[in-house]
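Student: Just one file: run24.cif, with mmCIF, C-alpha atoms and all ligand atoms.
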data_run
#
loop_
_atom_site.label_atom_id
_atom_site.label_comp_id
_atom_site.auth_asym_id
_atom_site.auth_seq_id
_atom_site.Cartn_x
_atom_site.Cartn_y
_atom_site.Cartn_z
CA MET A 1377 3.84 16.23 -20.25
CA LYS A 1378 4.90 13.39 -17.93
CA THR A 1379 3.72 9.81 -18.33
CA TYR A 1380 3.34 7.64 -15.23
CA LEU A 1381 3.25 3.87 -15.37
CA VAL A 1382 1.51 2.85 -12.15
CA THR A 1383 1.69 -0.88 -11.46
CA GLY A 1384 -0.89 -2.20 -9.00
CA GLY A 1385 -2.96 0.90 -9.67
CA ALA A 1386 -6.26 -0.89 -9.09
CA GLY A 1387 -5.38 -1.65 -5.46
CA PHE A 1388 -6.13 0.48 -2.42
CA ILE A 1389 -3.18 2.89 -2.45
CA GLY A 1390 -2.55 2.68 -6.22
CA SER A 1391 -6.11 3.71 -7.10
CA ASN A 1392 -6.02 6.59 -4.61
CA PHE A 1393 -2.67 7.60 -6.13
CA ILE A 1394 -4.05 7.65 -9.70
CA ILE A 1395 -7.05 9.74 -8.66
CA HIS A 1396 -4.71 12.07 -6.78
CA LEU A 1397 -2.45 12.47 -9.85
CA LEU A 1398 -5.28 13.19 -12.28
CA ARG A 1399 -6.81 15.73 -9.90
CA ARG A 1400 -3.56 17.48 -9.20
CA HIS A 1401 -1.86 17.62 -12.62
CA ASP A 1402 -3.42 18.51 -16.01
CA ASP A 1403 -0.40 17.79 -18.15
CA ILE A 1404 0.12 14.09 -17.42
CA ARG A 1405 -0.82 10.65 -18.70
CA VAL A 1406 -1.31 7.65 -16.45
CA ILE A 1407 -1.09 4.02 -17.48
CA ASN A 1408 -2.33 1.58 -14.88
CA LEU A 1409 -0.97 -1.97 -15.21
CA ASP A 1410 -2.69 -4.35 -12.83
CA LYS A 1411 -3.39 -8.07 -12.75
CA LEU A 1412 -6.70 -7.52 -10.92
CA THR A 1413 -6.22 -9.98 -8.07
CA TYR A 1414 -8.81 -10.43 -5.30
CA ALA A 1415 -7.51 -7.21 -3.69
CA ALA A 1416 -8.07 -4.99 -6.73
CA ASN A 1417 -10.91 -2.53 -6.65
CA PRO A 1418 -11.33 -1.29 -10.25
CA ARG A 1419 -14.77 0.10 -9.37
CA TYR A 1420 -13.03 2.77 -7.30
CA LEU A 1421 -11.51 4.08 -10.55
CA LYS A 1422 -14.87 4.43 -12.33
CA PRO A 1423 -14.90 8.25 -12.05
CA ILE A 1424 -11.73 8.51 -14.15
CA GLU A 1425 -12.21 5.47 -16.39
CA HIS A 1426 -13.04 7.62 -19.43
CA ASP A 1427 -10.52 10.36 -18.74
CA ALA A 1428 -8.49 10.76 -21.97
CA ARG A 1429 -5.31 10.94 -19.86
CA TYR A 1430 -5.86 7.45 -18.40
CA ARG A 1431 -5.31 3.96 -19.82
CA PHE A 1432 -5.72 0.56 -18.17
CA VAL A 1433 -3.72 -2.56 -19.06
CA GLN A 1434 -4.60 -5.82 -17.39
CA ALA A 1435 -1.34 -7.72 -16.92
CA ASP A 1436 0.89 -9.43 -14.39
CA ILE A 1437 4.15 -7.67 -13.45
CA CYS A 1438 5.80 -11.10 -13.66
CA ASP A 1439 4.86 -11.23 -17.38
CA ARG A 1440 8.04 -9.82 -18.92
CA MET A 1441 6.61 -9.48 -22.43
CA ALA A 1442 3.53 -7.59 -21.24
CA VAL A 1443 5.66 -5.19 -19.17
CA ARG A 1444 8.09 -4.73 -22.06
CA GLU A 1445 5.26 -4.01 -24.48
CA VAL A 1446 4.03 -1.09 -22.32
CA LEU A 1447 7.50 0.30 -21.69
CA GLN A 1448 8.42 0.11 -25.38
CA SER A 1449 5.18 1.43 -26.82
CA GLU A 1450 4.94 4.45 -24.51
CA ARG A 1451 7.50 7.00 -23.43
CA ILE A 1452 7.27 6.42 -19.68
CA ASP A 1453 8.84 9.01 -17.36
CA TYR A 1454 7.92 7.50 -13.99
CA LEU A 1455 7.37 3.86 -13.08
CA VAL A 1456 5.74 3.55 -9.63
CA ASN A 1457 5.35 0.03 -8.35
CA PHE A 1458 2.44 -0.52 -5.97
CA ALA A 1459 1.74 -4.05 -7.28
CA ALA A 1460 2.16 -6.56 -4.48
CA GLU A 1461 0.58 -9.20 -2.39
CA SER A 1462 0.05 -7.06 0.67
CA HIS A 1463 -1.60 -8.96 3.50
CA VAL A 1464 0.67 -10.40 6.23
CA ASP A 1465 -1.81 -13.11 7.30
CA ARG A 1466 -2.06 -14.45 3.79
CA SER A 1467 1.75 -14.51 3.52
CA ILE A 1468 1.93 -16.71 6.62
CA VAL A 1469 -0.42 -19.25 5.07
CA GLN A 1470 0.56 -19.03 1.38
CA PRO A 1471 4.00 -17.41 0.94
CA ASP A 1472 4.69 -18.56 -2.64
CA VAL A 1473 2.67 -15.90 -4.41
CA PHE A 1474 4.39 -13.24 -2.28
CA ILE A 1475 7.76 -14.44 -3.53
CA GLN A 1476 6.51 -14.41 -7.11
CA THR A 1477 4.89 -11.01 -7.23
CA ASN A 1478 6.86 -9.11 -4.62
CA ILE A 1479 10.32 -10.34 -5.64
CA GLU A 1480 10.22 -11.86 -9.11
CA GLY A 1481 7.76 -9.24 -10.35
CA VAL A 1482 9.98 -6.42 -9.10
CA ASN A 1483 12.95 -8.04 -10.80
CA VAL A 1484 11.02 -7.97 -14.10
CA LEU A 1485 10.03 -4.32 -13.64
CA LEU A 1486 13.59 -3.23 -12.82
CA GLU A 1487 15.11 -5.11 -15.72
CA GLU A 1488 12.52 -3.90 -18.22
CA ALA A 1489 12.77 -0.29 -17.00
CA LYS A 1490 16.53 -0.47 -17.42
CA ARG A 1491 16.12 -1.91 -20.89
CA ALA A 1492 13.64 0.77 -21.96
CA TRP A 1493 15.44 3.75 -20.42
CA GLN A 1494 19.13 2.98 -20.85
CA ILE A 1495 20.96 5.08 -23.43
CA ASP A 1496 24.48 3.90 -22.67
CA GLU A 1497 26.16 2.25 -19.68
CA ASP A 1498 25.52 5.01 -17.13
CA THR A 1499 23.03 7.19 -18.97
CA TYR A 1500 19.28 6.89 -18.90
CA GLN A 1501 16.37 8.70 -20.55
CA LYS A 1502 16.30 12.24 -19.10
CA GLY A 1503 14.17 12.59 -15.97
CA CYS A 1504 13.11 8.95 -15.74
CA ARG A 1505 12.54 7.48 -12.29
CA PHE A 1506 11.69 4.04 -10.84
CA LEU A 1507 9.95 4.18 -7.48
CA GLN A 1508 9.53 1.03 -5.43
CA VAL A 1509 6.73 1.48 -2.89
CA SER A 1510 7.84 -0.32 0.25
CA THR A 1511 6.83 -0.54 3.86
CA ASP A 1512 8.13 0.18 7.37
CA GLU A 1513 7.59 -3.54 8.05
CA VAL A 1514 10.96 -4.28 6.40
CA TYR A 1515 12.59 -2.88 9.57
CA GLY A 1516 10.94 -5.49 11.77
CA THR A 1517 9.65 -4.71 15.23
CA LEU A 1518 10.42 -2.04 17.85
CA GLY A 1519 10.39 -2.03 21.64
CA PRO A 1520 8.40 0.61 23.52
CA THR A 1521 10.67 3.47 22.39
CA GLY A 1522 12.48 4.69 19.28
CA ARG A 1523 11.53 5.07 15.62
CA PHE A 1524 12.69 3.55 12.34
CA THR A 1525 15.03 5.78 10.35
CA GLU A 1526 16.32 5.04 6.86
CA HIS A 1527 19.48 3.71 8.56
CA SER A 1528 17.68 1.17 10.71
CA PRO A 1529 18.75 -2.36 9.80
CA LEU A 1530 16.39 -4.48 7.72
CA ASN A 1531 14.93 -7.14 9.98
CA PRO A 1532 11.75 -8.47 8.31
CA ARG A 1533 9.88 -11.06 10.37
CA SER A 1534 7.01 -12.24 8.14
CA PRO A 1535 7.05 -13.72 4.64
CA TYR A 1536 5.34 -10.51 3.45
CA SER A 1537 7.96 -8.17 4.93
CA ALA A 1538 10.79 -10.50 3.87
CA SER A 1539 9.53 -10.35 0.28
CA LYS A 1540 9.27 -6.54 0.42
CA ALA A 1541 12.78 -6.25 1.91
CA SER A 1542 14.11 -8.49 -0.87
CA ALA A 1543 12.56 -6.19 -3.46
CA ASP A 1544 14.14 -3.17 -1.74
CA LEU A 1545 17.55 -4.81 -1.94
CA LEU A 1546 17.07 -5.58 -5.63
CA ALA A 1547 15.96 -2.01 -6.34
CA ARG A 1548 18.98 -0.64 -4.47
CA ALA A 1549 21.26 -3.04 -6.37
CA TYR A 1550 19.96 -1.66 -9.69
CA PHE A 1551 20.97 1.80 -8.55
CA GLU A 1552 24.39 0.77 -7.26
CA THR A 1553 25.23 -1.58 -10.11
CA TYR A 1554 23.60 0.03 -13.15
CA ARG A 1555 22.92 3.59 -11.87
CA LEU A 1556 19.23 3.11 -12.72
CA PRO A 1557 17.55 6.14 -11.07
CA VAL A 1558 15.66 4.39 -8.31
CA ASN A 1559 13.93 5.54 -5.14
CA ILE A 1560 12.46 3.45 -2.38
CA THR A 1561 9.75 4.77 -0.08
CA ARG A 1562 8.91 3.03 3.20
CA CYS A 1563 5.54 4.04 4.52
CA SER A 1564 3.66 3.23 7.70
CA ASN A 1565 0.15 1.67 7.84
CA ASN A 1566 -2.30 3.36 5.47
CA PHE A 1567 -6.02 3.82 5.92
CA GLY A 1568 -8.72 5.46 3.84
CA PRO A 1569 -11.46 4.66 1.35
CA GLY A 1570 -11.33 1.68 -0.99
CA GLN A 1571 -9.21 -0.69 1.13
CA TYR A 1572 -9.97 -4.37 0.87
CA PRO A 1573 -11.88 -5.38 4.00
CA GLU A 1574 -9.31 -7.83 5.31
CA LYS A 1575 -7.06 -5.09 6.73
CA LEU A 1576 -7.65 -3.98 10.32
CA ILE A 1577 -9.67 -0.77 9.86
CA PRO A 1578 -12.10 -1.78 7.07
CA LEU A 1579 -12.45 -5.29 8.56
CA MET A 1580 -13.53 -3.85 11.90
CA ILE A 1581 -15.90 -1.38 10.28
CA CYS A 1582 -17.50 -4.07 8.10
CA LYS A 1583 -17.79 -6.54 10.95
CA ALA A 1584 -19.24 -3.97 13.31
CA LEU A 1585 -21.79 -2.81 10.74
CA THR A 1586 -22.94 -6.42 10.37
CA HIS A 1587 -22.90 -6.98 14.16
CA GLN A 1588 -20.24 -9.66 14.06
CA GLY A 1589 -17.47 -10.29 16.58
CA LEU A 1590 -14.42 -8.03 16.16
CA PRO A 1591 -11.35 -10.29 16.35
CA VAL A 1592 -8.40 -8.59 18.04
CA TYR A 1593 -5.10 -10.45 18.04
CA GLY A 1594 -3.67 -11.32 21.49
CA ASP A 1595 -3.80 -8.48 24.02
CA GLY A 1596 -4.37 -5.93 21.24
CA LEU A 1597 -1.50 -3.79 22.51
CA GLN A 1598 0.49 -4.03 19.26
CA VAL A 1599 1.20 -0.50 18.12
CA ARG A 1600 0.88 0.68 14.52
CA ASP A 1601 1.77 4.07 13.06
CA TRP A 1602 -1.13 5.27 10.88
CA ILE A 1603 -1.19 7.57 7.87
CA TYR A 1604 -4.10 8.71 5.71
CA VAL A 1605 -3.71 7.33 2.19
CA GLU A 1606 -3.83 10.78 0.55
CA ASP A 1607 -0.78 11.90 2.55
CA HIS A 1608 1.07 8.82 1.32
CA CYS A 1609 0.03 9.53 -2.29
CA ARG A 1610 1.30 13.11 -2.06
CA ALA A 1611 4.59 11.88 -0.64
CA VAL A 1612 5.13 9.36 -3.46
CA ASP A 1613 4.54 12.02 -6.11
CA HIS A 1614 6.86 14.35 -4.23
CA VAL A 1615 9.65 11.77 -4.23
CA LEU A 1616 9.17 11.06 -7.94
CA ARG A 1617 9.54 14.72 -8.80
CA MET A 1618 12.06 15.85 -6.20
CA GLY A 1619 13.78 12.80 -4.69
CA LYS A 1620 17.48 12.25 -5.19
CA PRO A 1621 18.23 9.09 -7.23
CA GLY A 1622 19.27 6.15 -5.07
CA GLU A 1623 17.72 7.55 -1.89
CA ILE A 1624 15.33 5.85 0.49
CA TYR A 1625 12.61 7.94 2.14
CA ASN A 1626 10.52 6.92 5.14
CA ILE A 1627 6.94 8.21 5.06
CA GLY A 1628 4.91 8.56 8.23
CA ALA A 1629 2.56 10.83 10.12
CA ARG A 1630 3.72 10.32 13.74
CA SER A 1631 0.39 8.75 14.58
CA GLU A 1632 0.87 5.71 16.76
CA CYS A 1633 -2.04 3.80 18.19
CA ALA A 1634 -2.49 0.38 19.82
CA ASN A 1635 -4.79 -1.90 17.81
CA LEU A 1636 -7.22 -2.36 20.69
CA GLN A 1637 -7.50 1.38 21.26
CA LEU A 1638 -8.18 1.90 17.55
CA VAL A 1639 -10.86 -0.78 17.46
CA GLN A 1640 -12.52 0.70 20.55
CA TRP A 1641 -12.46 4.13 18.90
CA ILE A 1642 -14.15 2.74 15.75
CA VAL A 1643 -16.82 0.95 17.79
CA ASP A 1644 -17.54 4.01 19.93
CA TYR A 1645 -17.76 6.22 16.85
CA LEU A 1646 -20.14 3.84 15.05
CA HIS A 1647 -22.22 3.57 18.24
CA GLU A 1648 -22.53 7.37 18.48
CA GLN A 1649 -22.93 8.25 14.82
CA VAL A 1650 -24.37 5.28 12.96
CA ASP A 1651 -26.03 2.54 15.00
CA ASP A 1652 -26.36 2.57 18.79
CA THR A 1653 -26.64 -1.23 18.91
CA ILE A 1654 -22.95 -1.49 17.97
CA SER A 1655 -20.93 -1.76 21.19
CA ARG A 1656 -17.60 -2.80 22.67
CA ASN A 1657 -19.18 -6.16 23.57
CA LEU A 1658 -18.46 -7.18 19.98
CA ILE A 1659 -14.69 -7.10 20.62
CA ALA A 1660 -13.24 -10.61 20.99
CA HIS A 1661 -9.58 -11.38 21.69
CA VAL A 1662 -8.27 -14.22 19.48
CA PRO A 1663 -4.89 -16.05 19.61
CA ASP A 1664 -2.05 -13.80 18.52
CA ARG A 1665 -0.67 -13.84 14.95
CA LYS A 1666 2.49 -15.95 14.55
CA GLY A 1667 5.60 -13.75 14.87
CA HIS A 1668 3.42 -10.66 15.36
CA ASP A 1669 5.50 -7.47 15.30
CA ARG A 1670 4.89 -5.53 18.51
CA ARG A 1671 5.41 -1.95 17.46
CA TYR A 1672 6.10 0.13 14.34
CA ALA A 1673 6.97 3.82 14.37
CA VAL A 1674 8.40 5.73 11.44
CA ASP A 1675 10.71 8.72 11.63
CA PRO A 1676 9.78 10.89 8.61
CA GLN A 1677 12.34 13.66 9.28
CA LYS A 1678 14.38 13.02 6.15
CA ILE A 1679 11.53 13.53 3.66
CA GLU A 1680 10.29 16.51 5.69
CA ARG A 1681 13.69 18.16 5.83
CA GLU A 1682 15.04 17.33 2.37
CA LEU A 1683 11.89 17.36 0.22
CA GLY A 1684 9.58 19.64 2.18
CA TRP A 1685 6.78 17.05 2.44
CA SER A 1686 4.82 16.48 5.60
CA ALA A 1687 1.58 14.72 6.50
CA THR A 1688 -1.19 17.29 6.73
CA THR A 1689 -4.29 15.26 7.48
CA ASN A 1690 -5.67 15.24 11.00
CA PHE A 1691 -6.01 11.62 12.19
CA THR A 1692 -9.49 11.96 13.71
CA GLU A 1693 -10.91 13.82 10.71
CA ALA A 1694 -9.38 11.26 8.35
CA MET A 1695 -10.87 8.39 10.37
CA GLU A 1696 -14.28 10.07 10.26
CA LYS A 1697 -14.00 10.52 6.47
CA THR A 1698 -12.92 6.90 6.11
CA ILE A 1699 -15.77 5.51 8.18
CA ALA A 1700 -18.26 7.73 6.32
CA TRP A 1701 -16.99 6.30 3.03
CA TYR A 1702 -17.46 2.68 4.14
CA VAL A 1703 -20.88 3.42 5.58
CA SER A 1704 -21.99 5.07 2.32
CA HIS A 1705 -20.49 2.32 0.11
CA PRO A 1706 -22.03 -0.85 1.51
CA GLU A 1707 -21.57 -2.51 -1.88
CA HIS A 1708 -17.81 -2.16 -1.39
CA CYS A 1709 -17.62 -2.83 2.27
CA LEU A 1710 -20.26 -5.44 2.87
CA LYS A 1711 -20.32 -7.25 -0.47
CA ARG A 1712 -16.53 -7.54 -0.64
CA TYR A 1713 -16.40 -8.50 3.01
CA LEU A 1714 -18.93 -11.26 2.47
CA ASP A 1715 -17.13 -12.42 -0.70
CA ALA A 1716 -13.91 -12.54 1.29
CA GLN A 1717 -15.57 -14.65 3.96
CA GLU A 1718 -16.88 -16.96 1.26
CA GLU A 1719 -13.40 -17.28 -0.20
CA ARG A 1720 -11.94 -18.01 3.22
CA ARG A 1721 -14.57 -20.63 3.92
CA GLY A 1722 -13.66 -22.30 0.60
CA SER A 1723 -9.94 -22.27 1.37
CA ALA A 1724 -10.44 -23.26 4.99
CA ALA A 1725 -12.04 -26.49 3.79
CA ASP A 1726 -8.60 -27.73 2.72
CA GLY A 1727 -6.98 -26.31 5.85
CA SER A 1728 -5.08 -23.61 3.97
CA PHE A 1729 -6.68 -20.57 5.59
CA PRO A 1730 -7.56 -19.63 9.13
CA ASP A 1731 -11.20 -18.83 9.79
CA ASP A 1732 -10.55 -15.22 10.33
CA LEU A 1733 -7.87 -12.81 9.25
CA PRO A 1734 -7.95 -9.69 11.38
N1 LIG B 1801 -1.57 -0.89 2.84
C1 LIG B 1801 -0.58 -0.38 3.60
O1 LIG B 1801 -0.81 0.00 4.74
C2 LIG B 1801 0.81 -0.25 3.03
C3 LIG B 1801 1.78 0.44 3.78
C4 LIG B 1801 3.06 0.60 3.25
C5 LIG B 1801 3.35 0.08 2.00
N2 LIG B 1801 2.40 -0.60 1.31
C6 LIG B 1801 2.76 -1.10 -0.02
O2 LIG B 1801 2.00 -0.34 -0.95
C7 LIG B 1801 1.66 -1.14 -2.08
C8 LIG B 1801 0.17 -1.11 -2.31
O3 LIG B 1801 -0.50 -1.60 -1.14
P1 LIG B 1801 -2.08 -1.74 -1.12
O4 LIG B 1801 -2.48 -1.78 0.30
O5 LIG B 1801 -2.69 -0.76 -2.05
O6 LIG B 1801 -2.24 -3.20 -1.73
P2 LIG B 1801 -3.54 -3.90 -2.31
O7 LIG B 1801 -3.42 -5.33 -1.92
O8 LIG B 1801 -4.77 -3.15 -1.97
O9 LIG B 1801 -3.36 -3.77 -3.90
C9 LIG B 1801 -2.38 -4.45 -4.60
C10 LIG B 1801 -2.69 -4.31 -6.09
O10 LIG B 1801 -1.64 -4.97 -6.81
C11 LIG B 1801 -2.25 -5.78 -7.81
N3 LIG B 1801 -1.37 -6.93 -8.06
C12 LIG B 1801 -1.08 -7.94 -7.19
N4 LIG B 1801 -0.25 -8.82 -7.80
C13 LIG B 1801 0.00 -8.33 -9.04
C14 LIG B 1801 0.80 -8.77 -10.12
N5 LIG B 1801 1.51 -9.92 -10.06
N6 LIG B 1801 0.84 -8.03 -11.25
C15 LIG B 1801 0.13 -6.87 -11.33
N7 LIG B 1801 -0.66 -6.42 -10.36
C16 LIG B 1801 -0.71 -7.14 -9.21
C17 LIG B 1801 -3.58 -6.20 -7.25
O11 LIG B 1801 -4.49 -6.59 -8.29
C18 LIG B 1801 -4.02 -4.95 -6.52
O12 LIG B 1801 -4.72 -4.09 -7.39
C19 LIG B 1801 2.20 -2.54 -1.78
O13 LIG B 1801 3.44 -2.67 -2.44
C20 LIG B 1801 2.41 -2.56 -0.28
O14 LIG B 1801 3.47 -3.41 0.07
C21 LIG B 1801 1.14 -0.78 1.79
#
Just give me the structure as structure tokens.
Tutor:
Amino acid sequence: MKTYLVTGGAGFIGSNFIIHLLRRHDDIRVINLDKLTYAANPRYLKPIEHDARYRFVQADICDRMAVREVLQSERIDYLVNFAAESHVDRSIVQPDVFIQTNIEGVNVLLEEAKRAWQIDEDTYQKGCRFLQVSTDEVYGTLGPTGRFTEHSPLNPRSPYSASKASADLLARAYFETYRLPVNITRCSNNFGPGQYPEKLIPLMICKALTHQGLPVYGDGLQVRDWIYVEDHCRAVDHVLRMGKPGEIYNIGARSECANLQLVQWIVDYLHEQVDDTISRNLIAHVPDRKGHDRRYAVDPQKIERELGWSATTNFTEAMEKTIAWYVSHPEHCLKRYLDAQEERRGSAADGSFPDDLP
């Protein structure tokens, strides 16, 4: 029986991860520690809320005593940290909370995991593992060719990616200095059901469904490498169970696409399948994001070769599944989208937020 402590488990990837775990393994327990920020989607976890193997704790990862209480009262085998402020645009406008959660919070988790698991100087509770969920954005931006490997230099270019890179360095330091069994995973852009509609794919779907302009940054030729969230969840569990302590694993599906091309695909699909009044006329180019990374592409050969994981989901099928989910959950997509707009309008009044965050 393994016990997972999943921090940030009410967010997009964390909630998909918890559902994945409970579906896949019978003999586990999962504790979800989440602060429930604006990005959390606890409703997505409703189907497993009453599962005897699941427990929810509302807390901030920066709250040392709350984290300690969970780690001391339960015998945790795996701590997986998804908790983060995750939206680049927000980090450009309000970086402080990114520093708090993404750096200070990770410091608390590492220190408390060490405290709970350490037996003597170099020995830890058998089989324990700390996994820091990171991002390919820590590597910065690429030109038209090449891919990020685990040896690519860290070159973060936004407050978000700088905060994630800082957390990676802290996690690695805990391995090097204290031999805490740590892994870091660096995944490409995720998509799938349950994502907060400020990120590119759900934002475009929600806007298109409500016949609003679809804001595309600059020329729209920025390239992102996409992965279906379930493939990412499988990879994280794989690393927890099979990864070598101290190692970093890139996670990706070799699925590059320019933003404009992706938005056009979404519009065309909605036009064909859902509402023929949705058209490419809705696409509107807006001034580019400050310091916008031009291209990301992840080389996943290490995790494929060493751990036998690979992405298995077909991109088009996964996009169709994703769009179908948003169309059939208007309460998630449209209500949260409208709430987000409301929130932005409120913050924009004091000049702290741009009108739109594609
Ligand atoms: N979304 C992507 O494409 C992507 C890609 C690679 C890596 N990642 C990383 O994966 C992780 C999860 O991303 P996501 O898209 O699911 O994010 P998300 O914004 O959807 O969810 C983040 C979750 O963390 C919680 N949280 C935030 N601050 C907290 C705090 N101080 N204490 C406790 N909980 C807190 C929120 O309530 C929310 O439930 C992040 O670390 C992110 O950097 C995301």
Student: Would you work out the distance separating CA of Glu1606 in chain A from CA of Thr1698 in chain A, expressed in Å to one decimal?
Tutor: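 The value is 11.3 Å.
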Student: As AutoDock Vina command-line options, please: the centre and edge lengths in Å, to one decimal, of an axis-aligned box enclosing every listed atom of range 1446-1461 of chain A with 3 Å added on each side.
Tutor:
--center_x 4.7 --center_y -0.1 --center_z -14.6 --size_x 14.3 --size_y 24.2 --size_z 30.4
Student: Find the spatial neighbours of Phe1388 in chain A, counting all atoms listed in the file, within a cut-off of 8 Å - ignore same-chain residues fewer than 5 positions away - and output them as a list in words.
Tutor: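 Close residues of Phe1388 in chain A: Ala1415, Ala1416, Asn1417, Pro1569, Gly1570, Gln1571 and Tyr1572 of chain A.
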Student: In file coordinates, which residues lie within 12 Å of (1.8, -17.9, 0.1) using only C-alpha atoms, given as a list in words?
Tutor: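 Result, sorted by chain then residue number: Glu1461, Ser1462, His1463, Val1464, Asp1465, Arg1466, Ser1467, Ile1468, Val1469, Gln1470, Pro1471, Asp1472, Val1473, Phe1474, Ile1475, Gln1476, Thr1477, Asn1478, Ser1534, Pro1535, Tyr1536, Ser1539, Ser1728 and Phe1729 of chain A.
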Student: Each residue of chain A lying at most 6 Å from ligand LIG 1801 (chain B) should get a row with its shortest atom-to-atom pair and the distance in Å to one decimal, counting only C-alpha atoms and all ligand atoms; could you produce that, ordered by chain and increasing number, as a tab-separated table?
Tutor:
residue	atom	partner	partner_atom	distance
A:Gly1384	CA	B:LIG1801	O10	3.6
A:Gly1385	CA	B:LIG1801	O12	5.8
A:Ala1386	CA	B:LIG1801	O12	3.9
A:Gly1387	CA	B:LIG1801	O12	3.2
A:Phe1388	CA	B:LIG1801	O5	3.7
A:Ile1389	CA	B:LIG1801	O5	3.7
A:Gly1390	CA	B:LIG1801	O5	5.4
A:Asp1410	CA	B:LIG1801	N7	3.8
A:Lys1411	CA	B:LIG1801	C15	4.0
A:Leu1412	CA	B:LIG1801	O11	3.6
A:Thr1413	CA	B:LIG1801	O11	3.8
A:Ala1415	CA	B:LIG1801	O7	4.8
A:Ala1416	CA	B:LIG1801	O12	3.5
A:Ala1435	CA	B:LIG1801	C15	5.8
A:Asp1436	CA	B:LIG1801	N6	3.4
A:Ile1437	CA	B:LIG1801	N6	4.0
A:Cys1438	CA	B:LIG1801	N5	5.7
A:Phe1458	CA	B:LIG1801	C7	4.0
A:Ala1459	CA	B:LIG1801	O10	3.5
A:Ala1460	CA	B:LIG1801	C12	4.4
A:Glu1461	CA	B:LIG1801	C12	5.2
A:Ser1462	CA	B:LIG1801	O7	4.7
A:Thr1477	CA	B:LIG1801	N5	4.5
A:Val1509	CA	B:LIG1801	O13	5.3
A:Ser1510	CA	B:LIG1801	C5	4.8
A:Thr1511	CA	B:LIG1801	C4	4.0
A:Cys1563	CA	B:LIG1801	C4	4.4
A:Ser1564	CA	B:LIG1801	C3	5.2
A:Asn1565	CA	B:LIG1801	O1	3.6
A:Asn1566	CA	B:LIG1801	O1	3.7
A:Gln1571	CA	B:LIG1801	O8	5.9
Student: Just add all heavy atoms to range 1527-1531 of chain A and send it as a compact mmCIF listing (two decimals), in the frame of the given file.
Tutor:
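Generated file (rebuild32.txt):
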# COMPACT_ATOMS: atom_id res chain seq x y z
N HIS A 1527 18.27 4.47 8.25
CA HIS A 1527 19.48 3.71 8.56
C HIS A 1527 19.21 2.50 9.46
O HIS A 1527 20.13 1.75 9.78
CB HIS A 1527 20.53 4.62 9.22
CG HIS A 1527 20.97 5.72 8.32
ND1 HIS A 1527 21.69 5.49 7.17
CD2 HIS A 1527 20.76 7.06 8.37
CE1 HIS A 1527 21.92 6.64 6.55
NE2 HIS A 1527 21.35 7.61 7.26
N SER A 1528 17.99 2.34 9.88
CA SER A 1528 17.68 1.17 10.71
C SER A 1528 17.94 -0.10 9.90
O SER A 1528 17.67 -0.13 8.69
CB SER A 1528 16.20 1.18 11.13
OG SER A 1528 15.90 2.33 11.86
N PRO A 1529 18.48 -1.13 10.57
CA PRO A 1529 18.75 -2.36 9.80
C PRO A 1529 17.46 -3.04 9.33
O PRO A 1529 16.42 -2.92 9.99
CB PRO A 1529 19.48 -3.25 10.82
CG PRO A 1529 19.24 -2.65 12.15
CD PRO A 1529 18.87 -1.21 11.98
N LEU A 1530 17.55 -3.71 8.19
CA LEU A 1530 16.39 -4.48 7.72
C LEU A 1530 16.29 -5.73 8.58
O LEU A 1530 17.26 -6.45 8.77
CB LEU A 1530 16.57 -4.87 6.24
CG LEU A 1530 16.63 -3.71 5.25
CD1 LEU A 1530 16.74 -4.23 3.82
CD2 LEU A 1530 15.41 -2.81 5.38
N ASN A 1531 15.10 -5.97 9.11
CA ASN A 1531 14.93 -7.14 9.98
C ASN A 1531 13.50 -7.69 9.82
O ASN A 1531 12.74 -7.77 10.78
CB ASN A 1531 15.17 -6.70 11.44
CG ASN A 1531 15.08 -7.88 12.39
OD1 ASN A 1531 15.29 -9.03 12.00
ND2 ASN A 1531 14.72 -7.60 13.65
